[in-house]
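Pasted below: data-v3.txt, compact mmCIF, C-alpha atoms.
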```txt
# COMPACT_ATOMS: atom_id res chain seq x y z
CA MET G 228 21.17 20.12 -15.50
CA ASN G 229 22.11 17.32 -13.20
CA PRO G 230 25.79 16.48 -13.13
CA PRO G 231 26.59 13.26 -15.02
CA GLY G 232 26.13 10.30 -12.74
CA GLY G 233 24.26 12.42 -10.23
CA PRO G 234 20.68 11.95 -9.08
CA THR G 235 18.34 11.31 -11.97
CA GLY G 236 15.29 12.96 -10.48
CA PRO G 237 13.66 15.78 -12.36
CA GLY G 238 15.85 18.85 -12.38
CA ARG G 239 14.41 22.30 -11.99
CA ALA G 240 13.34 23.70 -15.31
CA GLY G 241 10.65 26.28 -15.79
CA GLU G 242 10.23 26.31 -19.54
CA GLY G 243 7.90 23.33 -19.64
CA LEU G 244 5.57 24.89 -17.10
CA SER G 245 5.50 28.26 -18.79
CA ALA G 246 3.96 26.61 -21.86
CA LEU G 247 0.92 25.68 -19.77
CA GLY G 248 -0.30 29.26 -19.46
CA LEU G 249 -0.19 29.29 -15.67
CA SER G 250 -0.02 32.42 -13.57
CA PRO G 251 3.40 33.30 -12.14
CA GLU G 252 2.09 32.37 -8.68
CA ASP G 253 0.94 28.94 -9.85
CA THR G 254 4.22 28.38 -11.68
CA GLU G 255 6.17 29.28 -8.56
CA LEU G 256 4.06 26.99 -6.37
CA LEU G 257 4.52 24.11 -8.82
CA ASN G 258 8.24 24.73 -8.94
CA GLU G 259 8.35 24.71 -5.17
CA LEU G 260 6.40 21.45 -5.15
CA GLY G 261 8.79 20.03 -7.73
CA ASP G 262 11.80 20.91 -5.59
CA LEU G 263 10.10 19.32 -2.61
CA LEU G 264 9.43 16.09 -4.50
CA VAL G 265 13.07 15.92 -5.59
CA LEU G 266 14.24 16.59 -2.04
CA ALA G 267 11.78 14.53 -0.02
CA ASP G 268 10.59 11.83 -2.38
CA PRO G 269 13.46 10.83 -4.63
CA MET G 270 13.73 7.42 -6.20
CA PRO G 271 15.97 5.29 -3.93
CA PRO G 272 19.50 5.69 -5.30
CA ASP G 273 20.12 1.94 -5.61
CA LEU G 274 16.82 1.12 -7.30
CA VAL G 275 18.14 1.35 -10.86
CA ALA G 276 20.91 -1.14 -10.06
CA ARG G 277 18.43 -3.48 -8.41
CA ILE G 278 16.12 -3.36 -11.43
CA GLN G 279 19.00 -4.00 -13.81
CA PHE G 280 19.95 -7.01 -11.71
CA ALA G 281 16.36 -8.27 -11.60
CA LEU G 282 16.15 -8.11 -15.39
CA GLU G 283 19.16 -10.36 -16.01
CA LEU G 284 16.95 -13.34 -16.73
CA GLU G 285 17.13 -16.11 -19.27
CA ASN G 286 14.09 -16.70 -21.46
CA PRO G 287 12.24 -13.67 -20.15
CA GLU G 288 9.27 -14.35 -22.42
CA PHE G 289 8.32 -17.21 -20.09
CA ILE G 290 8.40 -15.29 -16.81
CA GLU G 291 5.39 -14.67 -14.60
CA ILE G 292 5.76 -11.77 -12.19
CA ALA G 293 4.81 -12.44 -8.59
CA GLN G 294 3.11 -9.74 -6.53
CA ARG G 295 4.19 -9.17 -2.96
CA SER G 296 1.31 -9.23 -0.51
CA PRO G 297 1.04 -5.79 1.06
CA ALA G 298 1.10 -6.60 4.77
CA ALA G 299 4.16 -8.78 4.44
CA GLN G 300 5.78 -6.19 2.24
CA LEU G 301 5.74 -3.49 4.88
CA ALA G 302 6.71 -5.87 7.65
CA GLY G 303 9.51 -7.34 5.56
CA VAL G 304 11.05 -4.03 4.74
CA ARG G 305 10.72 -2.51 8.16
CA SER G 306 12.30 -5.20 10.28
CA GLN G 307 15.99 -5.12 9.56
CA ALA G 308 17.02 -7.68 12.16
CA GLY G 309 15.48 -11.02 12.95
CA PRO G 310 13.50 -13.23 10.62
CA SER G 311 11.12 -11.64 8.18
CA THR G 312 8.42 -13.33 6.21
CA MET G 313 7.14 -12.33 2.84
CA THR G 314 4.49 -13.72 0.55
CA PHE G 315 4.32 -13.53 -3.22
CA THR G 316 1.53 -14.66 -5.46
CA VAL G 317 0.86 -15.25 -9.11
CA GLU G 318 -2.39 -16.54 -10.47
CA ASP G 319 -2.05 -20.16 -9.32
CA LEU G 320 0.93 -20.18 -6.98
CA THR G 321 1.75 -18.67 -3.60
CA VAL G 322 5.34 -18.45 -2.37
CA MET G 323 5.98 -17.79 1.30
CA VAL G 324 9.53 -17.32 2.44
CA SER G 325 10.93 -16.65 5.87
CA ILE G 326 14.41 -15.19 5.95
CA ALA G 327 16.62 -15.32 9.03
CA PRO G 328 20.21 -14.24 9.62
CA ALA G 329 22.67 -17.11 9.43
CA ALA G 330 26.44 -17.33 9.51
CA GLY G 331 27.70 -15.10 6.72
CA GLY G 332 24.32 -14.72 5.10
CA HIS G 333 20.69 -15.76 5.38
CA ARG G 334 18.69 -18.92 5.85
CA PHE G 335 15.63 -19.18 3.61
CA ASP G 336 12.71 -21.33 4.75
CA GLY G 337 10.01 -21.41 2.11
CA TRP G 338 6.70 -22.94 1.23
CA LEU G 339 4.96 -23.25 -2.11
CA VAL G 340 1.16 -23.59 -2.35
CA PRO G 341 -0.01 -25.67 -4.07
CA SER G 342 2.97 -27.97 -3.72
CA GLY G 343 4.69 -29.61 -6.64
CA PRO G 344 8.13 -30.78 -7.72
CA HIS G 345 9.20 -27.24 -8.52
CA THR G 346 12.73 -25.88 -8.45
CA ILE G 347 13.54 -22.76 -6.44
CA GLU G 348 16.41 -20.57 -7.53
CA VAL G 349 17.87 -17.78 -5.42
CA ARG G 350 19.89 -15.22 -7.33
CA VAL G 351 22.30 -13.02 -5.37
CA GLU G 352 24.27 -10.36 -7.17
CA GLY G 353 27.92 -11.28 -7.46
CA PHE G 354 27.37 -14.96 -6.59
CA ASP G 355 26.35 -18.09 -8.42
CA SER G 356 22.66 -18.95 -8.18
CA GLN G 357 21.61 -21.50 -5.58
CA THR G 358 18.84 -23.94 -6.40
CA THR G 359 16.85 -26.48 -4.47
CA ASP G 360 13.73 -28.57 -5.07
CA ALA G 361 10.56 -28.26 -3.03
CA ASP G 362 9.59 -31.40 -1.10
CA ASP G 363 6.23 -33.18 -1.31
CA GLY G 364 4.69 -30.65 1.05
CA GLY G 365 5.98 -27.72 -0.99
CA ARG G 366 8.69 -26.81 1.52
CA PHE G 367 12.20 -25.75 0.65
CA VAL G 368 15.27 -24.66 2.61
CA LEU G 369 18.45 -22.88 1.65
CA THR G 370 20.72 -22.67 4.64
CA ASN G 371 23.36 -20.19 3.55
CA VAL G 372 22.37 -17.55 1.03
CA PRO G 373 25.01 -14.82 0.73
CA LEU G 374 24.17 -11.19 1.47
CA GLY G 375 23.36 -8.89 -1.41
CA CYS G 376 20.74 -7.90 -3.89
CA THR G 377 18.51 -10.99 -4.03
CA GLN G 378 15.76 -12.30 -6.29
CA LEU G 379 13.68 -15.47 -6.03
CA LEU G 380 12.71 -17.60 -9.02
CA VAL G 381 10.44 -20.62 -9.05
CA HIS G 382 10.86 -22.87 -12.06
CA LEU G 383 7.54 -24.70 -12.19
CA ALA G 384 7.41 -28.35 -13.07
CA VAL G 385 5.42 -28.57 -16.29
CA PRO G 386 4.45 -31.65 -18.29
CA GLU G 387 6.86 -32.71 -20.99
CA GLY G 388 6.49 -30.65 -24.12
CA GLN G 389 4.68 -27.73 -22.52
CA ARG G 390 6.23 -24.28 -22.47
CA PRO G 391 8.37 -23.53 -19.42
CA ARG G 392 7.00 -21.38 -16.60
CA THR G 393 9.21 -19.33 -14.31
CA VAL G 394 7.77 -17.22 -11.50
CA VAL G 395 10.01 -14.28 -10.61
CA THR G 396 9.89 -11.79 -7.74
CA PRO G 397 11.17 -8.26 -7.50
CA THR G 398 14.44 -8.03 -5.58
CA ILE G 399 13.70 -8.95 -1.98
CA MET G 400 16.86 -7.66 -0.36
CA ARG G 401 19.49 -5.09 -1.09
CA MET A 266 26.53 -4.05 -11.98
CA VAL A 267 27.87 -3.51 -15.46
CA MET A 268 28.57 0.13 -16.08
CA THR A 269 29.58 1.38 -19.46
CA GLY A 270 31.06 4.59 -20.77
CA LYS A 271 28.28 4.75 -23.31
CA ARG A 272 25.58 5.17 -20.77
CA GLY A 273 27.31 7.84 -18.75
CA ASP A 274 28.04 10.31 -21.50
CA THR A 275 24.68 10.37 -23.20
CA ARG A 276 22.34 12.13 -20.87
CA VAL A 277 19.11 13.45 -22.22
CA ASP A 278 19.77 16.92 -23.53
CA ALA A 279 17.08 19.41 -22.61
CA ALA A 280 17.88 21.56 -25.62
CA THR A 281 17.16 18.86 -28.16
CA SER A 282 14.54 16.63 -26.56
CA GLY A 283 11.81 19.10 -27.34
CA ALA A 284 12.74 19.67 -30.95
CA ASP A 285 10.49 18.91 -33.90
CA PRO A 286 10.09 15.09 -34.00
CA SER A 287 9.73 14.95 -37.76
CA LEU A 288 13.12 16.59 -38.18
CA GLU A 289 14.73 14.31 -35.64
CA ASP A 290 13.36 11.18 -37.24
CA ALA A 291 15.48 11.76 -40.32
CA ASN A 292 18.61 11.01 -38.30
CA MET A 293 17.23 8.15 -36.29
CA ALA A 294 17.99 5.31 -38.69
CA ASP A 295 21.64 6.28 -38.90
CA ALA A 296 22.57 7.04 -35.30
CA PRO A 297 23.19 4.40 -32.63
CA TRP A 298 21.07 4.79 -29.51
CA TRP A 299 23.90 6.17 -27.40
CA GLU A 300 24.18 9.18 -29.68
CA LEU A 301 20.48 9.97 -29.47
CA SER A 302 18.44 11.77 -26.85
CA GLY A 303 14.89 12.03 -25.67
CA TYR A 304 12.21 9.70 -26.97
CA GLN A 305 14.32 8.83 -30.04
CA ARG A 306 16.98 7.41 -27.76
CA HIS A 307 14.36 5.40 -25.90
CA ALA A 308 12.83 4.06 -29.09
CA ALA A 309 16.27 3.08 -30.41
CA CYS A 310 17.13 1.45 -27.08
CA LEU A 311 13.97 -0.62 -27.20
CA VAL A 312 14.73 -1.79 -30.72
CA ALA A 313 18.29 -2.67 -29.69
CA ALA A 314 17.09 -4.41 -26.52
CA ARG A 315 14.84 -6.61 -28.64
CA GLU A 316 17.92 -7.76 -30.44
CA GLY A 317 19.56 -8.66 -27.16
CA ASP A 318 21.52 -5.48 -26.48
CA ARG A 319 21.85 -5.62 -22.72
CA GLN A 320 23.35 -2.14 -22.41
CA ALA A 321 20.44 -0.63 -24.30
CA LEU A 322 17.98 -2.17 -21.84
CA ASP A 323 20.08 -0.95 -18.91
CA ALA A 324 20.12 2.52 -20.45
CA LEU A 325 16.32 2.53 -20.67
CA VAL A 326 16.06 1.51 -17.02
CA HIS A 327 18.54 4.23 -16.09
CA ASP A 328 16.80 6.97 -18.07
CA LEU A 329 13.16 6.22 -17.40
CA SER A 330 12.99 4.69 -13.91
CA PRO A 331 12.65 8.10 -12.20
CA LEU A 332 9.61 8.75 -14.37
CA VAL A 333 8.14 5.37 -13.45
CA TRP A 334 8.91 6.07 -9.80
CA HIS A 335 7.08 9.39 -9.71
CA VAL A 336 4.10 8.08 -11.64
CA ALA A 337 3.85 5.20 -9.15
CA ARG A 338 4.14 7.50 -6.16
CA ALA A 339 1.52 9.79 -7.68
CA GLN A 340 -1.02 7.01 -7.11
CA GLY A 341 -0.58 7.40 -3.37
CA ILE A 342 1.30 4.18 -2.62
CA GLU A 343 4.12 3.94 -0.10
CA ARG A 344 7.74 4.20 -1.15
CA THR A 345 8.42 0.53 -0.42
CA GLN A 346 5.41 -0.43 -2.51
CA ALA A 347 6.53 1.87 -5.29
CA GLU A 348 9.90 0.08 -5.36
CA ASP A 349 8.10 -3.17 -6.16
CA VAL A 350 5.83 -1.50 -8.69
CA VAL A 351 8.77 0.02 -10.55
CA GLN A 352 10.44 -3.40 -10.73
CA THR A 353 7.22 -5.06 -11.81
CA VAL A 354 6.79 -2.55 -14.63
CA TRP A 355 10.28 -3.25 -15.97
CA LEU A 356 9.85 -7.02 -15.62
CA THR A 357 6.59 -6.67 -17.56
CA LEU A 358 8.41 -4.76 -20.27
CA LEU A 359 11.11 -7.44 -20.38
CA ARG A 360 8.54 -10.20 -20.77
CA ASN A 361 6.73 -8.32 -23.53
CA LEU A 362 9.79 -6.81 -25.15
CA ASN A 363 8.76 -7.91 -28.62
CA SER A 364 5.08 -7.12 -28.36
CA VAL A 365 5.09 -3.78 -26.54
CA ALA A 366 3.41 -1.08 -28.57
CA GLU A 367 5.56 0.80 -30.97
CA PRO A 368 8.94 1.87 -29.65
CA ARG A 369 8.11 5.54 -29.96
CA ALA A 370 5.19 5.10 -27.58
CA LEU A 371 7.37 3.50 -24.87
CA ALA A 372 7.02 6.30 -22.33
CA ARG A 373 3.26 6.24 -22.66
CA TRP A 374 3.27 2.45 -22.26
CA LEU A 375 5.40 2.82 -19.11
CA ILE A 376 3.06 5.43 -17.64
CA THR A 377 -0.04 3.37 -18.39
CA THR A 378 1.47 0.16 -17.03
CA THR A 379 2.78 1.90 -13.91
CA ARG A 380 -0.62 3.38 -13.12
CA ARG A 381 -2.29 -0.01 -13.55
CA GLU A 382 0.23 -1.78 -11.30
CA ALA A 383 0.10 0.95 -8.65
CA LEU A 384 -3.70 0.93 -8.62
CA ARG A 385 -3.61 -2.82 -8.12
CA VAL A 386 -1.50 -2.22 -5.00
CA VAL A 387 -3.90 0.52 -3.86
CA ARG A 388 -6.83 -1.89 -4.11
CA SER A 389 -5.00 -4.66 -2.29
CA VAL A 390 -3.97 -2.49 0.66
CA GLU A 391 -7.25 -0.63 1.02
CA ASN A 392 -8.58 -2.96 3.70
CA GLU A 393 -5.24 -4.01 5.09
CA GLN A 394 -3.86 -1.06 7.01
CA PRO A 395 -3.52 2.70 6.87
CA LEU A 396 -0.57 3.93 4.86
CA VAL A 397 2.33 5.43 6.75
CA ASP A 398 3.54 8.73 5.35
CA GLU A 399 7.23 8.04 5.02
CA VAL A 400 8.00 11.37 3.39
CA LEU A 401 6.55 13.30 6.32
CA ASP A 402 8.62 11.15 8.66
CA ARG A 403 11.72 11.95 6.66
CA LEU A 404 11.00 15.66 6.61
CA ARG A 405 10.37 15.80 10.34
CA ALA A 406 13.37 13.69 11.23
CA GLN A 407 15.88 16.50 10.76
CA ASP A 408 16.41 17.97 14.21
CA GLY A 409 19.04 20.47 15.22
CA LEU A 410 19.19 22.31 11.92
CA PRO A 411 20.44 25.89 11.62
CA GLU A 412 17.60 28.41 11.68
CA GLN A 413 17.42 29.02 7.95
CA GLU A 414 17.28 25.32 7.17
CA ALA A 415 14.78 24.73 9.95
CA LEU A 416 12.50 27.34 8.38
CA GLN A 417 12.84 25.60 5.03
CA ARG A 418 12.07 22.27 6.67
CA ASP A 419 8.94 23.72 8.26
CA ARG A 420 7.89 25.17 4.93
CA ASN A 421 8.50 21.83 3.19
CA THR A 422 6.61 19.96 5.87
CA ALA A 423 3.65 22.34 5.55
CA LEU A 424 3.66 22.10 1.76
CA TRP A 425 3.84 18.30 1.88
CA LYS A 426 0.99 18.10 4.41
CA ALA A 427 -1.09 20.46 2.29
CA PHE A 428 -0.30 18.46 -0.84
CA ARG A 429 -1.32 15.20 0.82
CA GLN A 430 -4.69 16.69 1.76
CA LEU A 431 -5.57 17.08 -1.90
CA SER A 432 -7.72 14.53 -3.68
CA GLN A 433 -5.82 11.67 -5.24
CA ARG A 434 -6.71 13.05 -8.66
CA CYS A 435 -5.24 16.44 -7.80
CA GLN A 436 -2.09 14.89 -6.35
CA GLU A 437 -1.53 12.90 -9.48
CA LEU A 438 -2.27 15.78 -11.82
CA LEU A 439 0.11 18.13 -10.00
CA ARG A 440 2.86 15.50 -9.80
CA LEU A 441 2.58 14.80 -13.50
CA THR A 442 2.46 18.53 -14.25
CA VAL A 443 5.68 19.02 -12.30
CA LEU A 444 7.27 16.10 -14.16
CA ALA A 445 6.09 17.44 -17.50
CA GLY A 446 7.59 20.81 -16.67
CA ARG A 447 11.02 19.33 -16.15
CA ALA A 448 12.95 19.03 -19.33
CA GLU A 449 13.85 15.36 -19.01
CA TYR A 450 10.24 14.29 -18.94
CA ASN A 451 8.56 16.10 -21.80
CA VAL A 452 6.90 12.77 -22.60
CA VAL A 453 4.54 13.33 -19.68
CA ALA A 454 3.15 16.48 -21.25
CA GLU A 455 1.87 14.35 -24.12
CA THR A 456 0.02 12.09 -21.71
CA LEU A 457 -1.42 15.06 -19.83
CA SER A 458 -2.75 16.66 -22.99
CA MET A 459 -5.03 13.71 -23.71
CA PRO A 460 -8.44 14.92 -22.50
CA ARG A 461 -8.19 18.34 -24.06
CA GLY A 462 -9.77 21.24 -22.26
CA SER A 463 -10.38 19.61 -18.89
CA ILE A 464 -6.83 19.49 -17.60
CA GLY A 465 -6.26 23.24 -17.31
CA PRO A 466 -9.33 24.14 -15.22
CA THR A 467 -8.84 21.05 -13.02
CA ARG A 468 -5.22 21.96 -12.44
CA SER A 469 -6.22 25.50 -11.49
CA ARG A 470 -8.72 24.18 -8.96
CA CYS A 471 -6.11 21.80 -7.52
CA LEU A 472 -3.60 24.63 -7.15
CA THR A 473 -6.18 26.87 -5.48
CA THR A 474 -6.99 24.08 -3.04
CA LEU A 475 -3.30 23.46 -2.42
CA ARG A 476 -2.70 27.14 -1.71
CA GLY A 477 -5.61 27.22 0.74
CA ALA A 478 -4.41 24.11 2.54
CA LEU A 479 -0.89 25.52 2.67
CA ASN A 480 -2.18 28.74 4.24
CA ASN A 481 -3.97 26.69 6.88
CA GLU A 482 -0.80 24.69 7.58
CA THR A 483 1.36 27.81 7.96
CA GLU A 484 -1.14 29.92 9.89
CA GLY A 485 0.42 31.12 13.11
CA GLY A 486 3.83 29.98 11.91
CA SER A 487 6.48 31.83 10.01
CA SER A 488 5.61 33.08 6.55
```
Translate the structure described by the file into structure tokens.
Amino acid sequence: MNPPGGPTGPGRAGEGLSALGLSPEDTELLNELGDLLVLADPMPPDLVARIQFALELENPEFIEIAQRSPAAQLAGVRSQAGPSTMTFTVEDLTVMVSIAPAAGGHRFDGWLVPSGPHTIEVRVEGFDSQTTDADDGGRFVLTNVPLGCTQLLVHLAVPEGQRPRTVVTPTIMR
Amino acid sequence: MVMTGKRGDTRVDAATSGADPSLEDANMADAPWWELSGYQRHAACLVAAREGDRQALDALVHDLSPLVWHVARAQGIERTQAEDVVQTVWLTLLRNLNSVAEPRALARWLITTTRREALRVVRSVENEQPLVDEVLDRLRAQDGLPEQEALQRDRNTALWKAFRQLSQRCQELLRLTVLAGRAEYNVVAETLSMPRGSIGPTRSRCLTTLRGALNNETEGGSS
């Protein structure tokens, strides 16, 4: 048993494996593999909190979930200092955002393709949301976004009477 | 982050999560989710979350994210990619909260959705760049260990390298088998038992291959 509040990875428990009719050698090897996965490949300890933050959304039935493009994903995560650029896409919208350190936080320079009078919202845990509108070219800037677990939302401009559309990203910073 | 007493003191109990479902169902209508365990707790949480119970949704995320994580990683994607996949799966659940299968099938829905999202990442990175094995980096990064721990590190490194040489199918099957064997994740066993008859022999072949690869990795080293 894991202690309460401890890591939530699978704990060692043989009874489930023994029901599979494996040899003792196979059971032992699987147990060893299980211990290795817990040790070397655990879920990041802060991921649950980040997910819970990312799910605090209004009208979630209208969200569209943006996918991070893979190259930018690795680059974005790896470079801790200096600006990093990441790209997210849903079916008919691409969001590029470049994030650079600024006094007390980050500067976000972004670009929506195709452009439109959409509203960008940046959620940072523990702070009020910041919003800005994209310009005619689809560009947007937020000069001082506080540090913390961060999620981007794009509230798309839709014709009067149509259902709202909100594009959401996974958390992009811790 | 909102933490509640409820969530902390209701961990899944290994002793009860495997009990006869038909017996457990009798109590389900009466008990609030925080007094339940196993798949009953998850079903009750989903029902409560549909009615706007924020703590119930948080409890689901807390209980089942490790499962989603390991299923995602079993598809061979990087840890950073798995972090996005896990979030995407939960956002997808949130969006479809009222239309997702039946509450009792939540774990299966999570596994299916996670595999689909992870495979989408696999396809999108295939021509982009080779994956970096972060786990191997982490294992190797521990220098200056006492002898006993260094031996364990070498053994772990060899086992991980051997494991990563297996086919993707074998890696996934063995990961899910390990998960299913751990009491908190009995739900995986149900998923694994789907194509009856073929799992057992395949698993045996995967384990034989793993053992052979492990012997190659440790040859000339300590036993």
>> As an exercise, work out the distance from CA of Gln378 (chain G) to CA of Pro328 (chain G) in Å and give it to one decimal place.
In response: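 Here the two named atoms are 16.6 Å from each other.
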Compile the residues of chain A that lie within 8 Å of chain G, evaluated using all atoms listed in the file, and express the compilation as a PDB file with C-alpha atoms, keeping the file's coordinate frame.
```pdb
ATOM      1  CA  MET A 266      26.530  -4.050 -11.980  1.00  0.00           C
ATOM      2  CA  GLY A 273      27.310   7.840 -18.750  1.00  0.00           C
ATOM      3  CA  ASP A 274      28.040  10.310 -21.500  1.00  0.00           C
ATOM      4  CA  ARG A 276      22.340  12.130 -20.870  1.00  0.00           C
ATOM      5  CA  ASP A 323      20.080  -0.950 -18.910  1.00  0.00           C
ATOM      6  CA  VAL A 326      16.060   1.510 -17.020  1.00  0.00           C
ATOM      7  CA  HIS A 327      18.540   4.230 -16.090  1.00  0.00           C
ATOM      8  CA  ASP A 328      16.800   6.970 -18.070  1.00  0.00           C
ATOM      9  CA  SER A 330      12.990   4.690 -13.910  1.00  0.00           C
ATOM     10  CA  PRO A 331      12.650   8.100 -12.200  1.00  0.00           C
ATOM     11  CA  TRP A 334       8.910   6.070  -9.800  1.00  0.00           C
ATOM     12  CA  HIS A 335       7.080   9.390  -9.710  1.00  0.00           C
ATOM     13  CA  THR A 345       8.420   0.530  -0.420  1.00  0.00           C
ATOM     14  CA  GLN A 346       5.410  -0.430  -2.510  1.00  0.00           C
ATOM     15  CA  GLU A 348       9.900   0.080  -5.360  1.00  0.00           C
ATOM     16  CA  ASP A 349       8.100  -3.170  -6.160  1.00  0.00           C
ATOM     17  CA  GLN A 352      10.440  -3.400 -10.730  1.00  0.00           C
ATOM     18  CA  THR A 353       7.220  -5.060 -11.810  1.00  0.00           C
ATOM     19  CA  TRP A 355      10.280  -3.250 -15.970  1.00  0.00           C
ATOM     20  CA  LEU A 356       9.850  -7.020 -15.620  1.00  0.00           C
ATOM     21  CA  THR A 357       6.590  -6.670 -17.560  1.00  0.00           C
ATOM     22  CA  LEU A 359      11.110  -7.440 -20.380  1.00  0.00           C
ATOM     23  CA  ARG A 360       8.540 -10.200 -20.770  1.00  0.00           C
ATOM     24  CA  ASN A 361       6.730  -8.320 -23.530  1.00  0.00           C
ATOM     25  CA  VAL A 386      -1.500  -2.220  -5.000  1.00  0.00           C
ATOM     26  CA  SER A 389      -5.000  -4.660  -2.290  1.00  0.00           C
ATOM     27  CA  VAL A 390      -3.970  -2.490   0.660  1.00  0.00           C
ATOM     28  CA  GLU A 393      -5.240  -4.010   5.090  1.00  0.00           C
ATOM     29  CA  GLN A 394      -3.860  -1.060   7.010  1.00  0.00           C
ATOM     30  CA  VAL A 400       8.000  11.370   3.390  1.00  0.00           C
ATOM     31  CA  ARG A 403      11.720  11.950   6.660  1.00  0.00           C
ATOM     32  CA  LEU A 404      11.000  15.660   6.610  1.00  0.00           C
ATOM     33  CA  ASN A 421       8.500  21.830   3.190  1.00  0.00           C
ATOM     34  CA  LEU A 424       3.660  22.100   1.760  1.00  0.00           C
ATOM     35  CA  TRP A 425       3.840  18.300   1.880  1.00  0.00           C
ATOM     36  CA  LEU A 439       0.110  18.130 -10.000  1.00  0.00           C
ATOM     37  CA  ARG A 440       2.860  15.500  -9.800  1.00  0.00           C
ATOM     38  CA  THR A 442       2.460  18.530 -14.250  1.00  0.00           C
ATOM     39  CA  VAL A 443       5.680  19.020 -12.300  1.00  0.00           C
ATOM     40  CA  LEU A 444       7.270  16.100 -14.160  1.00  0.00           C
ATOM     41  CA  ALA A 445       6.090  17.440 -17.500  1.00  0.00           C
ATOM     42  CA  GLY A 446       7.590  20.810 -16.670  1.00  0.00           C
ATOM     43  CA  ARG A 447      11.020  19.330 -16.150  1.00  0.00           C
ATOM     44  CA  ALA A 448      12.950  19.030 -19.330  1.00  0.00           C
ATOM     45  CA  GLU A 449      13.850  15.360 -19.010  1.00  0.00           C
ATOM     46  CA  TYR A 450      10.240  14.290 -18.940  1.00  0.00           C
ATOM     47  CA  ASN A 451       8.560  16.100 -21.800  1.00  0.00           C
ATOM     48  CA  GLY A 465      -6.260  23.240 -17.310  1.00  0.00           C
ATOM     49  CA  LEU A 472      -3.600  24.630  -7.150  1.00  0.00           C
TER      50      LEU A 472
END
```
Give the padded box for region 360-370 of chain A as JSON: axis-aligned, covering all atoms listed in the file, 4 Å on each side, centre and edge lengths in Å to one decimal.
```
{"center_x": 6.6, "center_y": -2.3, "center_z": -25.9, "size_x": 14.4, "size_y": 23.7, "size_z": 18.2}
```
>> Let me make sure I understand: among G:Ala330, G:Val394, G:Phe315, G:Phe367, which one has the smallest atom-to-atom distance to Pro344 (chain G) if we use only C-alpha atoms?
In response: G:Phe367
>> Could you list, as a list in words, every residue within 7 Å of Arg401 (chain G), counting only C-alpha atoms and ignoring same-chain residues fewer than 4 positions away?
In response: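 Counting only the stated atoms, we get Gly375, Cys376 and Thr377 of chain G.
Computed from the coordinates, the CA of Thr321 (chain G) to CA of Asp360 (chain G) distance equals 15.6 Å.
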> What is the CA of Val324 (chain G) to CA of Ile347 (chain G) distance in Å?
Replying inline: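 Computing the Euclidean distance for CA of Val324 (chain G) and CA of Ile347 (chain G) yields 11.2 Å.
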>> List the spatial neighbours of Val368 (chain G) as a PyMOL selection string - criterion: any atom at most 9 Å away, all atoms listed in the file, same-chain residues fewer than 6 positions off excluded.
In response: chain G and resi 334-338+359-361
> Using all atoms listed in the file, which of A:Thr483, A:Val387, A:Ala372, A:Gln436 sits nearest Arg468 (chain A)?
Replying inline: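 Closest candidate: A:Gln436.
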> Out of G:Thr312, G:Ser356, G:Thr393, G:Glu387, which residue has the shortest atom-to-atom distance to Ile326 (chain G) when counting all atoms listed in the file?
Replying inline: G:Thr312
